[in-house]
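A.B. asks: Data file start_20.txt (compact mmCIF, C-alpha atoms and all ligand atoms) is appended below.
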```
# COMPACT_ATOMS: atom_id res chain seq x y z
CA MET A 1 28.73 3.35 -43.20
CA HIS A 2 30.80 1.39 -40.78
CA ILE A 3 33.39 -1.34 -40.51
CA SER A 4 33.59 -4.19 -38.06
CA ASP A 5 36.76 -6.18 -37.42
CA ASN A 6 36.45 -9.71 -36.05
CA GLY A 7 40.04 -9.55 -34.83
CA SER A 8 41.22 -12.49 -36.90
CA GLY A 9 41.60 -10.99 -40.32
CA GLU A 10 38.04 -10.45 -41.39
CA LEU A 11 36.49 -7.05 -41.94
CA THR A 12 32.80 -6.60 -42.52
CA LEU A 13 31.73 -3.44 -44.28
CA TYR A 14 28.23 -2.10 -43.77
CA GLY A 15 26.65 0.61 -45.79
CA ASP A 16 23.91 1.84 -48.08
CA PHE A 17 24.47 2.47 -51.74
CA THR A 18 22.34 3.87 -54.48
CA ILE A 19 23.20 2.93 -58.03
CA THR A 20 21.66 4.75 -60.95
CA LEU A 21 21.92 3.28 -64.42
CA LYS A 22 20.90 5.67 -67.18
CA VAL A 23 19.43 4.10 -70.31
CA LEU A 24 19.80 5.93 -73.60
CA ASP A 25 17.65 4.78 -76.51
CA LEU A 26 19.64 5.20 -79.73
CA THR A 27 17.51 2.93 -81.88
CA THR A 28 16.29 4.10 -85.27
CA ASN A 29 12.67 3.04 -84.87
CA GLY A 30 12.26 3.32 -81.12
CA ALA A 31 12.15 0.54 -78.57
CA PRO A 32 8.54 -0.22 -77.57
CA ASN A 33 9.53 -2.80 -74.95
CA LEU A 34 12.16 -0.61 -73.35
CA ASN A 35 10.18 0.13 -70.21
CA SER A 36 9.53 -3.48 -69.33
CA LEU A 37 13.15 -4.42 -70.12
CA MET A 38 14.33 -1.63 -67.82
CA THR A 39 11.99 -2.73 -65.03
CA PHE A 40 13.22 -6.29 -65.38
CA THR A 41 16.85 -5.11 -65.39
CA GLN A 42 16.34 -3.01 -62.25
CA GLN A 43 14.76 -5.97 -60.44
CA VAL A 44 17.52 -8.38 -61.44
CA ILE A 45 20.36 -5.99 -60.54
CA THR A 46 18.71 -5.37 -57.16
CA SER A 47 18.31 -9.07 -56.40
CA LYS A 48 21.78 -10.03 -57.66
CA LEU A 49 23.49 -7.41 -55.49
CA ARG A 50 21.51 -8.47 -52.43
CA GLY A 51 23.00 -10.88 -49.93
CA GLY A 52 26.47 -9.49 -49.57
CA GLY A 53 29.74 -10.26 -51.18
CA TYR A 54 32.98 -11.81 -50.13
CA LYS A 55 36.61 -11.37 -51.08
CA SER A 56 39.56 -13.11 -49.49
CA GLY A 57 43.23 -12.29 -49.70
CA VAL A 58 42.67 -8.55 -49.94
CA ILE A 59 45.82 -6.65 -49.07
CA TYR A 60 44.88 -3.37 -47.50
CA PHE A 61 45.98 -0.97 -44.79
CA GLU A 62 45.72 -2.22 -41.25
CA TYR A 63 42.49 -1.27 -39.55
CA ASN A 64 42.40 -0.05 -35.97
CA SER A 65 38.92 -0.69 -34.65
CA SER A 66 39.36 1.41 -31.51
CA THR A 67 40.27 4.56 -33.44
CA LYS A 68 38.11 3.51 -36.42
CA SER A 69 40.88 4.43 -38.82
CA PHE A 70 43.43 2.83 -41.09
CA ASN A 71 47.15 2.84 -40.52
CA PHE A 72 48.47 3.91 -43.90
CA ARG A 73 51.98 2.79 -43.00
CA LYS A 74 51.07 -0.82 -42.44
CA ASN A 75 49.53 -3.44 -44.70
CA HIS A 76 47.37 -6.33 -43.69
CA THR A 77 45.76 -9.20 -45.59
CA TYR A 78 42.04 -9.36 -44.99
CA SER A 79 38.99 -11.32 -45.91
CA ILE A 80 36.27 -8.80 -46.56
CA ARG A 81 32.53 -9.26 -46.25
CA TYR A 82 30.45 -6.65 -47.98
CA ASN A 83 27.16 -6.10 -46.26
CA PHE A 84 25.80 -3.37 -48.46
CA ASN A 85 22.23 -2.45 -49.14
CA CYS A 86 22.12 -1.38 -52.76
CA GLY A 87 19.20 0.63 -54.03
CA VAL A 88 19.06 0.44 -57.81
CA ASN A 89 17.43 2.89 -60.21
CA VAL A 90 17.30 2.14 -63.89
CA ILE A 91 16.04 5.27 -65.57
CA GLN A 92 15.67 6.42 -69.15
CA ILE A 93 17.31 9.62 -70.31
CA ASN A 94 16.46 11.40 -73.54
CA MET A 95 19.23 13.93 -73.83
CA LEU A 96 22.99 13.57 -73.71
CA SER A 97 23.10 16.50 -71.32
CA GLN A 98 21.54 14.16 -68.76
CA LEU A 99 24.80 12.18 -68.71
CA LYS A 100 27.14 13.67 -66.18
CA GLY A 101 30.57 12.85 -64.83
CA ASN A 102 31.02 9.15 -64.31
CA ASP A 103 27.35 8.14 -64.54
CA PHE A 104 26.64 4.55 -65.45
CA VAL A 105 25.12 4.31 -68.90
CA LEU A 106 23.48 1.59 -70.96
CA ALA A 107 22.97 2.62 -74.58
CA VAL A 108 20.46 0.72 -76.71
CA VAL A 109 21.38 0.35 -80.38
CA ASP A 110 19.80 -1.30 -83.45
CA SER A 111 22.45 -3.98 -83.83
CA ILE A 112 26.03 -4.94 -83.04
CA GLY A 113 28.31 -6.27 -85.76
CA HIS A 114 31.11 -7.36 -83.45
CA GLN A 115 31.82 -11.08 -83.16
CA PHE A 116 34.04 -12.85 -80.68
CA THR A 117 35.74 -16.23 -80.71
CA ASP A 118 35.41 -18.31 -77.54
CA GLN A 119 38.18 -20.41 -76.02
CA TYR A 120 36.94 -23.43 -77.97
CA GLY A 121 37.39 -21.60 -81.27
CA LYS A 122 33.71 -21.00 -81.93
CA LYS A 123 32.45 -17.66 -83.23
CA HIS A 124 29.58 -15.80 -81.58
CA ASN A 125 27.63 -12.64 -82.28
CA SER A 126 27.67 -10.06 -79.52
CA GLY A 127 24.27 -9.12 -78.10
CA GLY A 128 25.95 -6.45 -76.01
CA LEU A 129 29.36 -4.95 -75.39
CA ALA A 130 30.77 -3.06 -72.43
CA GLN A 131 33.97 -1.50 -71.27
CA ARG A 132 35.05 -3.02 -67.99
CA ASP A 133 35.47 -1.09 -64.77
CA GLY A 134 33.16 1.87 -65.07
CA GLY A 135 32.92 2.20 -68.84
CA PRO A 136 29.79 2.41 -70.94
CA ALA A 137 27.60 -0.59 -71.76
CA VAL A 138 25.76 -1.09 -75.04
CA VAL A 139 23.03 -3.59 -75.94
CA SER A 140 21.37 -4.48 -79.20
CA TYR A 141 17.64 -3.90 -78.77
CA ASN A 142 16.61 -7.03 -80.68
CA GLU A 143 19.02 -9.25 -78.77
CA TRP A 144 17.91 -7.72 -75.47
CA ARG A 145 14.31 -8.61 -76.31
CA LYS A 146 15.38 -12.20 -76.97
CA ASN A 147 17.46 -12.44 -73.80
CA LYS A 148 16.29 -10.09 -71.09
CA TYR A 149 19.41 -10.69 -68.98
CA ILE A 150 21.80 -9.06 -71.47
CA GLY A 151 21.32 -5.60 -69.95
CA VAL A 152 22.34 -6.86 -66.50
CA HIS A 153 25.21 -8.90 -67.94
CA GLU A 154 26.66 -5.85 -69.69
CA PHE A 155 26.16 -3.62 -66.66
CA PHE A 156 28.01 -6.14 -64.49
CA HIS A 157 30.97 -5.79 -66.86
CA THR A 158 30.80 -2.09 -66.04
CA LEU A 159 31.02 -3.09 -62.36
CA GLY A 160 34.18 -5.06 -63.13
CA LEU A 161 33.09 -8.65 -63.82
CA GLY A 162 34.57 -10.70 -66.64
CA ASP A 163 32.92 -13.22 -68.95
CA ILE A 164 32.72 -16.93 -68.13
CA GLU A 165 33.24 -19.56 -70.85
CA ASP A 166 33.64 -22.62 -68.64
CA LEU A 167 31.02 -25.10 -69.90
CA SER A 168 30.42 -26.34 -66.35
CA LYS A 169 29.23 -22.84 -65.40
CA LYS A 170 26.31 -22.40 -67.75
CA ASP A 171 24.18 -21.49 -64.73
CA ARG A 172 26.04 -18.21 -64.27
CA LEU A 173 24.92 -14.77 -65.38
CA MET A 174 28.39 -13.96 -66.72
CA TYR A 175 28.53 -17.13 -68.85
CA HIS A 176 28.31 -15.62 -72.32
CA LEU A 177 28.18 -18.41 -74.87
CA GLY A 178 24.44 -18.16 -75.21
CA ASP A 179 23.00 -21.40 -73.82
CA ASN A 180 22.64 -20.45 -70.17
CA THR A 181 20.74 -22.77 -67.88
CA SER A 182 20.41 -20.07 -65.21
CA TYR A 183 21.71 -16.62 -64.25
CA ASN A 184 23.48 -16.87 -60.90
CA ILE A 185 26.04 -14.55 -59.35
CA SER A 186 28.58 -15.95 -56.89
CA ASP A 187 29.52 -14.34 -53.55
CA ASN A 188 32.94 -13.72 -55.05
CA GLU A 189 31.52 -11.91 -58.05
CA ARG A 190 29.35 -9.85 -55.72
CA GLY A 191 32.47 -9.08 -53.69
CA ASP A 192 34.27 -7.98 -56.84
CA MET A 193 31.44 -5.62 -57.77
CA MET A 194 31.18 -4.22 -54.24
CA SER A 195 34.91 -3.66 -54.08
CA PHE A 196 34.78 -1.93 -57.43
CA LEU A 197 32.03 0.34 -56.12
CA MET A 198 33.98 0.98 -52.94
CA ARG A 199 37.41 1.50 -54.48
CA ASN A 200 38.94 2.97 -51.35
CA ILE A 201 37.74 1.25 -48.23
CA SER A 202 39.41 3.97 -46.18
CA ASP A 203 36.89 6.45 -47.58
CA MET A 204 34.28 4.63 -45.52
CA THR A 205 35.78 6.13 -42.40
CA LYS A 206 34.98 9.60 -43.73
CA GLY A 207 31.24 9.21 -43.36
CA THR A 208 29.57 9.64 -46.71
CA TYR A 209 31.24 8.13 -49.67
CA SER A 210 30.37 8.78 -53.26
CA TYR A 211 31.41 6.90 -56.34
CA THR A 212 31.21 10.27 -58.12
CA ASN A 213 34.65 11.04 -56.66
CA LEU A 214 36.16 9.09 -59.50
CA ASN A 215 37.34 10.92 -62.59
CA PHE A 216 35.58 9.34 -65.51
CA ASN A 217 33.78 11.07 -68.26
CA THR A 218 31.03 8.69 -69.32
CA LEU A 219 29.88 10.83 -72.22
CA ASP A 220 33.38 10.93 -73.73
CA LEU A 221 33.87 7.21 -73.21
CA LEU A 222 30.50 6.43 -74.76
CA ARG A 223 31.20 8.67 -77.75
CA ARG A 224 34.48 6.89 -78.43
CA PHE A 225 32.97 3.46 -77.83
CA LEU A 226 30.12 4.11 -80.29
CA LYS A 227 32.52 5.41 -82.93
CA ASP A 228 34.92 2.49 -82.63
CA THR A 229 34.27 0.65 -85.91
CA THR A 230 35.49 -2.70 -84.53
CA ASN A 231 32.33 -2.74 -82.38
CA GLY A 232 30.06 -2.50 -85.44
CA PHE A 233 27.28 -0.55 -83.71
CA LYS A 234 24.30 0.44 -85.84
CA TYR A 235 22.23 3.20 -84.29
CA ASN A 236 20.51 6.45 -85.04
CA LYS A 237 23.39 8.90 -85.10
CA ALA A 238 20.99 11.85 -85.05
CA LYS A 239 20.11 10.82 -81.49
CA PHE A 240 23.75 11.07 -80.44
CA ARG A 241 25.22 14.48 -81.10
ZN ZN B 301 30.00 -10.42 -71.54
```
Take the structure in the file and write it out as structure tokens.
C.D. replies:
Amino acid sequence: MHISDNGSGELTLYGDFTITLKVLDLTTNGAPNLNSLMTFTQQVITSKLRGGGYKSGVIYFEYNSSTKSFNFRKNHTYSIRYNFNCGVNVIQINMLSQLKGNDFVLAVVDSIGHQFTDQYGKKHNSGGLAQRDGGPAVVSYNEWRKNKYIGVHEFFHTLGLGDIEDLSKKDRLMYHLGDNTSYNISDNERGDMMSFLMRNISDMTKGTYSYTNLNFNTLDLLRRFLKDTTNGFKYNKAKFR
């Protein structure tokens, strides 16, 4: 990984990342299309993360390009270009013991009872739900079959993105009112996800960086998320013990 400084307030970060998303099938009757949905999801995540991201107005420590280090006593406002290569693996796990530390997880359930009201006052059923910023993501198998992008949408909440309800942005992947015209991700959204994955840019100067440095417990978070009755998840509880 390395950083380049253009000398007028723009840092470009280069690096290689591997993201693994573990899929846990909690459906009662099994999910025969799971493999093709996972393949699709892996392809879409890969292509959406490609092409770099951009964030402006980022206040961070001042970078010294000759010493390749940050001055932790001084702040600087940067525009940051993220030039990351992200390898993406979407894999199925069959046992809870395969969930470790702060793994990313997408659990597949029978149905989701939760409804939300949009900014126009209209009620919608939730095809998926996720906890922002590293938390677990859950999709309803039937809804995922109807809209193959739901898995990616929920995972991108995990990577820190919010929902879009602006009717002029129906072409966006994070638009969630159900009548999308397309599934685009903006450079800014990509920048937000990359900066979430990076957390501490200064860690880049240490050589290898791992997201596993963060203290989450995915299994605990998922357990609490599944039990939260306001989410209305129906799933095979025998598969989650
Ligand atoms: Zn959403």
A.B. asks: Identify which of the residues A:Leu129, A:Leu167, A:Leu37, A:Ile185 lies closest to ligand ZN 301 (chain B), counting all atoms listed in the file when measuring atom-to-atom distances.
C.D. replies: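 Residue with the minimum atom-to-atom distance to ligand ZN 301 (chain B): A:Leu129.
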A.B. asks: Could you please extract the residues within 12 Å of ligand ZN 301 (chain B), counting only C-alpha atoms and all ligand atoms, and hand them back as a PyMOL selection string?
C.D. replies: chain A and resi 115-116+118+124-132+137-139+149-165+172-178
A.B. asks: Neighbours of Ser195 of chain A within 12 Å (all atoms listed in the file; same-chain residues fewer than 3 positions away dropped), as JSON, numbers by chain?
C.D. replies: {"A": [13, 52, 53, 54, 55, 56, 58, 60, 79, 80, 81, 82, 83, 84, 133, 159, 160, 161, 187, 188, 189, 190, 191, 192, 198, 199, 200, 201, 202, 204, 211]}
A.B. asks: Ranking A:Ser140, A:Gln119, A:Thr218, A:Asn75 by minimum distance to Gly57 of chain A and counting all atoms listed in the file, which one comes first?
C.D. replies: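 For Gly57 of chain A, the nearest of the given residues is A:Asn75.
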A.B. asks: Which residue is closest to Lys237 of chain A? Choose from A:Ser186, A:Phe61, A:Arg223, A:Thr77 and count only C-alpha atoms.
C.D. replies: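 Among the listed residues, the smallest separation from Lys237 of chain A belongs to A:Arg223.
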A.B. asks: When you draw a straight line from atom CA of Asn6 of chain A to atom CA of Ser65 of chain A, how long is it in Å?
C.D. replies: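 Computing it gives 9.5 Å between the two atoms.
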A.B. asks: One decimal, in Å: what's the spacing between atom CA of Lys148 of chain A and atom CA of Leu96 of chain A?
C.D. replies: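 Here the two named atoms are 24.7 Å from each other.
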